[in-house]
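Source file: run.txt (compact mmCIF, C-alpha atoms and all ligand atoms)
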# COMPACT_ATOMS: atom_id res chain seq x y z
CA MET A 68 -8.35 -2.03 -42.28
CA LYS A 69 -6.90 -4.82 -40.14
CA ILE A 70 -7.57 -4.72 -36.45
CA LYS A 71 -6.32 -7.08 -33.85
CA LEU A 72 -6.67 -7.51 -30.11
CA GLY A 73 -3.83 -6.05 -28.07
CA GLU A 74 -3.14 -6.66 -24.38
CA ASN A 75 -6.11 -8.08 -22.53
CA ALA A 76 -6.90 -9.49 -19.10
CA TYR A 77 -9.99 -10.30 -17.11
CA GLY A 78 -10.82 -11.09 -13.50
CA LYS A 79 -12.91 -10.16 -10.47
CA ASN A 80 -12.29 -6.99 -8.48
CA ALA A 81 -13.24 -6.15 -4.91
CA VAL A 82 -14.00 -9.63 -3.60
CA GLU A 83 -14.74 -8.59 -0.02
CA LEU A 84 -13.92 -11.36 2.42
CA SER A 85 -13.78 -11.48 6.19
CA LYS A 86 -12.72 -14.42 8.30
CA ILE A 87 -12.66 -15.47 11.93
CA ILE A 88 -9.74 -17.69 12.86
CA ARG A 89 -10.73 -19.26 16.19
CA HIS A 90 -7.70 -19.73 18.44
CA ALA A 91 -8.05 -21.43 21.84
CA ASP A 92 -7.93 -18.17 23.79
CA HIS A 93 -8.98 -15.50 21.28
CA HIS A 94 -10.61 -14.88 17.92
CA GLU A 95 -8.48 -13.47 15.12
CA PHE A 96 -10.53 -11.27 12.75
CA ARG A 97 -9.27 -10.58 9.23
CA GLN A 98 -10.86 -8.47 6.49
CA VAL A 99 -9.52 -8.32 2.96
CA SER A 100 -10.45 -7.16 -0.51
CA VAL A 101 -9.16 -9.41 -3.32
CA ASN A 102 -8.67 -8.73 -7.03
CA THR A 103 -7.94 -11.58 -9.45
CA LEU A 104 -6.73 -11.02 -13.01
CA LEU A 105 -6.02 -13.64 -15.68
CA GLU A 106 -4.08 -13.24 -18.91
CA GLY A 107 -3.70 -15.96 -21.50
CA ASP A 108 -5.15 -17.58 -24.55
CA PHE A 109 -8.50 -15.79 -24.52
CA GLU A 110 -8.47 -14.02 -27.88
CA THR A 111 -11.49 -15.84 -29.31
CA ALA A 112 -13.60 -14.79 -26.34
CA TYR A 113 -13.04 -11.19 -27.43
CA THR A 114 -13.07 -11.68 -31.19
CA GLN A 115 -15.79 -14.33 -31.55
CA GLY A 116 -17.72 -14.41 -28.30
CA ASP A 117 -16.38 -17.92 -27.70
CA ASN A 118 -16.56 -18.47 -23.94
CA THR A 119 -15.41 -22.08 -23.98
CA ARG A 120 -11.97 -21.12 -22.59
CA ILE A 121 -13.28 -18.68 -20.01
CA LEU A 122 -13.16 -19.35 -16.28
CA PRO A 123 -16.01 -17.02 -15.26
CA THR A 124 -15.15 -14.15 -12.96
CA ASP A 125 -17.98 -15.44 -10.75
CA THR A 126 -16.05 -18.71 -10.33
CA GLN A 127 -12.87 -16.74 -9.59
CA LYS A 128 -14.79 -14.98 -6.82
CA ASN A 129 -16.14 -18.27 -5.44
CA THR A 130 -12.62 -19.73 -5.51
CA VAL A 131 -11.39 -16.91 -3.26
CA TYR A 132 -14.05 -17.70 -0.61
CA ALA A 133 -13.67 -21.47 -0.90
CA LEU A 134 -9.88 -21.49 -0.64
CA ALA A 135 -9.99 -18.96 2.22
CA LYS A 136 -11.51 -21.61 4.47
CA ASP A 137 -8.31 -23.69 4.74
CA HIS A 138 -5.65 -21.52 3.12
CA PHE A 139 -6.14 -18.00 4.49
CA THR A 140 -4.54 -18.71 7.83
CA GLY A 141 -1.48 -16.44 7.80
CA SER A 142 -0.20 -13.56 5.70
CA ILE A 143 -2.09 -12.06 2.76
CA GLU A 144 1.07 -12.67 0.68
CA ASP A 145 0.83 -16.43 1.34
CA PHE A 146 -2.91 -16.51 0.58
CA ALA A 147 -2.37 -14.57 -2.67
CA LEU A 148 0.45 -16.98 -3.64
CA TYR A 149 -1.88 -19.93 -2.99
CA LEU A 150 -4.63 -18.39 -5.15
CA ALA A 151 -2.23 -17.51 -8.00
CA ASN A 152 -0.86 -21.04 -7.99
CA HIS A 153 -4.37 -22.52 -7.97
CA PHE A 154 -5.45 -20.49 -11.04
CA THR A 155 -2.16 -21.28 -12.84
CA THR A 156 -2.14 -25.04 -12.26
CA ASN A 157 -5.83 -25.61 -12.90
CA ASN A 158 -6.22 -23.51 -16.05
CA PRO A 159 -3.84 -24.39 -18.91
CA ARG A 160 -5.15 -21.44 -20.98
CA VAL A 161 -3.88 -19.01 -18.36
CA HIS A 162 -0.35 -17.68 -18.93
CA LYS A 163 -0.21 -15.00 -16.30
CA VAL A 164 -2.10 -14.53 -13.03
CA GLN A 165 -2.22 -11.44 -10.88
CA VAL A 166 -3.70 -11.59 -7.37
CA GLU A 167 -3.92 -8.40 -5.39
CA ILE A 168 -5.07 -8.28 -1.76
CA GLN A 169 -5.67 -5.31 0.50
CA GLU A 170 -6.08 -5.99 4.19
CA HIS A 171 -7.94 -3.63 6.51
CA SER A 172 -6.30 -3.26 9.87
CA TRP A 173 -8.31 -4.34 12.90
CA THR A 174 -6.71 -4.24 16.35
CA ARG A 175 -7.92 -6.10 19.40
CA MET A 176 -9.20 -3.81 22.15
CA GLN A 177 -7.00 -3.55 25.21
CA PHE A 178 -8.23 -3.11 28.79
CA ASN A 179 -5.88 -2.83 31.79
CA GLY A 180 -3.02 -3.94 29.58
CA GLU A 181 -4.88 -7.11 28.47
CA LEU A 182 -6.04 -7.77 24.92
CA HIS A 183 -9.76 -8.50 24.71
CA PRO A 184 -10.32 -11.97 23.19
CA HIS A 185 -12.84 -10.95 20.51
CA ALA A 186 -13.51 -7.16 20.42
CA TYR A 187 -11.71 -4.97 17.90
CA THR A 188 -11.23 -1.35 16.83
CA GLY A 189 -10.83 -0.40 13.19
CA GLY A 190 -7.51 0.97 11.99
CA GLY A 191 -8.82 3.75 9.75
CA ALA A 192 -7.73 4.08 6.14
CA GLU A 193 -4.40 2.27 6.48
CA LYS A 194 -4.14 -1.04 4.64
CA HIS A 195 -1.55 -3.77 4.13
CA THR A 196 -1.32 -4.65 0.44
CA ALA A 197 0.09 -7.60 -1.48
CA LEU A 198 0.45 -8.22 -5.20
CA ILE A 199 1.47 -11.57 -6.66
CA LEU A 200 2.38 -12.03 -10.30
CA GLN A 201 2.75 -15.60 -11.52
CA GLU A 202 3.81 -16.47 -15.06
CA GLY A 203 4.36 -20.22 -15.25
CA ASN A 204 6.86 -20.90 -12.49
CA ALA A 205 8.09 -17.31 -12.31
CA LEU A 206 6.72 -15.50 -9.27
CA SER A 207 7.03 -11.99 -7.96
CA VAL A 208 5.81 -10.84 -4.55
CA THR A 209 5.22 -7.16 -3.87
CA ALA A 210 3.90 -5.97 -0.52
CA GLY A 211 3.05 -2.55 0.77
CA ILE A 212 1.16 -0.13 2.95
CA SER A 213 -1.44 2.22 1.59
CA ASP A 214 -2.96 5.32 3.16
CA LEU A 215 -0.58 5.43 6.09
CA LEU A 216 -1.45 8.79 7.64
CA ILE A 217 1.63 10.22 9.37
CA LEU A 218 2.47 13.69 10.66
CA LYS A 219 5.18 15.45 12.64
CA THR A 220 4.94 18.89 14.19
CA THR A 221 8.61 19.87 13.85
CA ASP A 222 11.96 18.72 12.39
CA SER A 223 10.64 19.64 8.95
CA ALA A 224 11.69 22.58 6.76
CA PHE A 225 11.40 23.69 3.14
CA GLU A 226 13.79 26.47 2.08
CA HIS A 227 16.28 27.51 -0.67
CA TYR A 228 13.97 26.63 -3.58
CA ILE A 229 13.70 28.52 -6.90
CA GLN A 230 12.26 32.03 -6.58
CA ASP A 231 10.66 33.37 -9.75
CA ALA A 232 8.01 35.94 -10.73
CA PHE A 233 5.23 33.66 -9.45
CA THR A 234 6.72 32.66 -6.10
CA THR A 235 4.67 33.57 -3.06
CA LEU A 236 5.60 30.62 -0.79
CA LYS A 237 7.54 31.73 2.27
CA PRO A 238 10.55 29.61 3.23
CA ALA A 239 9.73 27.52 6.28
CA SER A 240 12.45 26.52 8.75
CA ASP A 241 9.93 24.78 11.02
CA ARG A 242 6.69 23.43 9.55
CA ILE A 243 4.22 20.58 9.92
CA LEU A 244 5.02 17.58 7.74
CA ALA A 245 1.96 15.46 7.01
CA THR A 246 1.36 12.81 4.40
CA GLN A 247 -0.87 9.88 3.49
CA CYS A 248 1.96 7.60 2.47
CA THR A 249 1.73 4.64 0.13
CA ALA A 250 4.77 2.37 0.04
CA THR A 251 5.24 -0.76 -2.08
CA TRP A 252 8.28 -3.01 -2.03
CA ARG A 253 9.22 -6.04 -4.10
CA TYR A 254 10.76 -9.03 -2.36
CA THR A 255 13.80 -10.78 -3.82
CA LYS A 256 12.23 -14.21 -3.21
CA PRO A 257 8.65 -15.54 -3.31
CA ALA A 258 8.97 -17.06 0.18
CA GLY A 259 9.60 -15.75 3.66
CA ASP A 260 7.92 -14.72 6.88
CA PHE A 261 5.87 -12.04 5.16
CA SER A 262 3.91 -11.02 8.27
CA ALA A 263 7.06 -10.36 10.30
CA LEU A 264 8.74 -8.58 7.37
CA TYR A 265 5.68 -6.37 6.94
CA SER A 266 5.53 -5.23 10.56
CA ASN A 267 9.31 -4.71 10.74
CA ILE A 268 9.38 -2.69 7.49
CA ARG A 269 6.41 -0.61 8.68
CA HIS A 270 8.32 0.08 11.92
CA THR A 271 11.46 1.13 9.97
CA LEU A 272 9.42 3.52 7.79
CA LEU A 273 7.81 5.11 10.85
CA HIS A 274 11.07 5.29 12.83
CA THR A 275 12.86 7.02 9.96
CA PHE A 276 9.99 9.48 9.41
CA ALA A 277 9.91 10.38 13.11
CA HIS A 278 13.64 10.69 13.74
CA HIS A 279 14.89 12.30 10.55
CA LYS A 280 15.32 16.09 10.14
CA SER A 281 13.45 16.82 6.94
CA LEU A 282 14.63 19.41 4.40
CA SER A 283 11.81 18.42 2.03
CA VAL A 284 9.28 15.63 1.47
CA GLN A 285 11.58 14.41 -1.33
CA GLN A 286 14.46 13.97 1.14
CA THR A 287 12.25 12.27 3.73
CA LEU A 288 10.93 9.86 1.09
CA TYR A 289 14.49 8.99 0.06
CA ASP A 290 15.65 8.41 3.66
CA MET A 291 12.62 6.20 4.43
CA GLY A 292 13.21 4.03 1.35
CA LYS A 293 16.98 3.89 1.98
CA ALA A 294 16.46 2.73 5.56
CA VAL A 295 14.30 -0.17 4.31
CA LEU A 296 16.79 -1.25 1.62
CA GLU A 297 19.68 -1.04 4.12
CA ALA A 298 17.88 -3.05 6.80
CA TYR A 299 16.19 -5.79 4.73
CA ASP A 300 18.13 -7.89 2.20
CA ALA A 301 14.78 -9.49 1.36
CA VAL A 302 13.63 -6.25 -0.31
CA GLN A 303 14.79 -5.67 -3.90
CA GLU A 304 13.27 -2.23 -4.45
CA ILE A 305 10.80 0.14 -2.84
CA SER A 306 8.49 2.85 -4.19
CA LEU A 307 6.94 5.56 -2.07
CA VAL A 308 4.21 8.09 -2.81
CA MET A 309 3.99 10.88 -0.28
CA PRO A 310 1.37 13.55 -0.97
CA ASN A 311 2.18 16.72 0.93
CA LYS A 312 -0.89 17.39 3.10
CA HIS A 313 -0.37 21.09 3.69
CA HIS A 314 -1.04 22.80 7.02
CA ILE A 315 -0.65 26.49 6.21
CA PRO A 316 0.00 29.03 9.02
CA PHE A 317 -3.12 31.20 9.51
CA ASN A 318 -2.55 34.96 9.49
CA LEU A 319 -3.61 36.26 12.92
CA GLU A 320 -2.15 39.77 12.37
CA PRO A 321 -5.55 41.34 11.44
CA PHE A 322 -6.59 40.47 15.02
CA GLY A 323 -3.44 41.99 16.53
CA MET A 324 -2.10 38.54 17.37
CA LYS A 325 1.15 36.87 16.44
CA ASN A 326 0.93 33.33 15.10
CA GLN A 327 3.89 31.58 16.69
CA ASN A 328 3.62 28.53 14.48
CA GLU A 329 0.57 27.31 16.41
CA VAL A 330 -2.57 27.84 14.30
CA PHE A 331 -2.90 26.43 10.76
CA VAL A 332 -5.38 25.90 7.94
CA ALA A 333 -5.45 22.20 7.11
CA THR A 334 -6.00 21.96 3.35
CA ASP A 335 -7.10 18.99 1.23
CA ALA A 336 -6.45 20.46 -2.20
CA PRO A 337 -4.38 21.26 -4.04
CA TYR A 338 -1.68 19.07 -2.57
CA GLY A 339 1.94 18.38 -3.46
CA TYR A 340 2.53 14.96 -5.01
CA ILE A 341 5.96 13.51 -4.32
CA SER A 342 6.96 10.02 -5.46
CA GLY A 343 10.14 8.00 -5.86
CA THR A 344 11.52 4.48 -6.30
CA LEU A 345 14.75 3.33 -4.67
CA VAL A 346 16.67 0.43 -6.17
CA ARG A 347 19.88 -1.39 -5.37
CA GLU A 348 22.78 -0.36 -7.68
O1 LIG A 401 8.77 19.23 0.73
C1 LIG A 401 8.35 19.98 -0.17
N1 LIG A 401 8.70 19.72 -1.47
C2 LIG A 401 8.29 20.48 -2.52
O2 LIG A 401 8.65 20.23 -3.70
C3 LIG A 401 7.43 21.56 -2.22
N2 LIG A 401 6.82 22.50 -2.97
C4 LIG A 401 6.10 23.29 -2.13
O3 LIG A 401 5.39 24.26 -2.50
N3 LIG A 401 6.24 22.87 -0.85
C5 LIG A 401 7.06 21.80 -0.86
N4 LIG A 401 7.53 21.00 0.12
Will you turn the file into structure tokens for me?
Amino acid sequence: MKIKLGENAYGKNAVELSKIIRHADHHEFRQVSVNTLLEGDFETAYTQGDNTRILPTDTQKNTVYALAKDHFTGSIEDFALYLANHFTTNNPRVHKVQVEIQEHSWTRMQFNGELHPHAYTGGGAEKHTALILQEGNALSVTAGISDLLILKTTDSAFEHYIQDAFTTLKPASDRILATQCTATWRYTKPAGDFSALYSNIRHTLLHTFAHHKSLSVQQTLYDMGKAVLEAYDAVQEISLVMPNKHHIPFNLEPFGMKNQNEVFVATDAPYGYISGTLVRE
């Protein structure tokens, strides 16, 4: 029997890095988690235990911290591009590099309308994400938001679906719409003002979610993605995952009370899983 090595890659995951950027009048605090992944001419490491071509994952981790000192000064996209380029140009055995960064959101405290110079509150689960793929000179930049918890208390319905022998769901003309949204979008070019693009795209996603009259999560997902592609030429395509975090009306009739769409059971599981990618035709 002949066996050969198929696809393979190696790198360091969850390199947890925080940084203070000291500006004249305030401290900027950043916290990221970095994954590096190398693909290339590493077959003999797997087949023969020959490590002579291997850049250890420990060194990859050290490289992230060392290069952060002077090169993590702006967006996570730019830092990931710098890291990918470093691994590509310094390691001829590497054919493809993937650098993935997740940034935790920290916001400066505000008192009497003034931002505090060095005290922060955490932003919960929401993260800004970036993924760089570099293959020689070819680069792709994908950015995104993960775990964006959003909810609206009206302007959401779900009706006119299939009714079969197992249907118990009641049509809802006015329901809570809640999701922990993950959005990822690929940029057309590997350069740009990625920080400004990120906050503008985030704003467009939120604005569309808030202002649109939803007939389903599927329709809301489509409208959010469409709004981004219409507003930003820099975005080539966008994917959204929007789990439906159900809030189910609680039956108050046994207590002689009418539930006027006010009291709900918030459920974790099971949950609806709605996803979609929007592309330019
Ligand atoms: O927006 C929704 N889409 C569905 O596909 C679905 N299915 C369901 O039970 N509730 C909902 N809501």
All residues 10 Å or closer to Pro310 in chain A, all atoms listed in the file, same chain fewer than 5 positions away omitted, as a list in words |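 Final neighbour list, sorted by chain and number: Ala245, Thr246, Gln247, Cys248, Thr249, Val284, Tyr338, Gly339, Tyr340, Ile341 and Ser342 of chain A.
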Within 9 Å of range 208-223 of chain A, counting only C-alpha atoms, which residues qualify if same-chain residues fewer than 2 places away don't, as an NGL selection string?
-> :A and (144 or 148 or 169 or 191-201 or 206 or 225 or 239-258 or 261 or 265 or 269 or 273 or 276-284 or 305)
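From CA of Val166 in chain A back to CA of Gly259 in chain A, the distance works out to 17.8 Å.
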Kindly provide, as number ranges by chain, the polymer residues lying within 9 Å of (-5.5, -7.4, -29.0), counting only C-alpha atoms and using the coordinates exactly as they appear in the file.
-> A: 70-75, 110, 113-114
Please write the residues from the selection above to a file, keeping C-alpha atoms, as a compact mmCIF listing (two decimals), in the frame of the given file.
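Result written to out-v2.txt:
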# COMPACT_ATOMS: atom_id res chain seq x y z
CA ILE A 70 -7.57 -4.72 -36.45
CA LYS A 71 -6.32 -7.08 -33.85
CA LEU A 72 -6.67 -7.51 -30.11
CA GLY A 73 -3.83 -6.05 -28.07
CA GLU A 74 -3.14 -6.66 -24.38
CA ASN A 75 -6.11 -8.08 -22.53
CA GLU A 110 -8.47 -14.02 -27.88
CA TYR A 113 -13.04 -11.19 -27.43
CA THR A 114 -13.07 -11.68 -31.19
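With CA of Leu307 in chain A on one side and CA of Ala263 in chain A on the other, the separation reads 20.2 Å.
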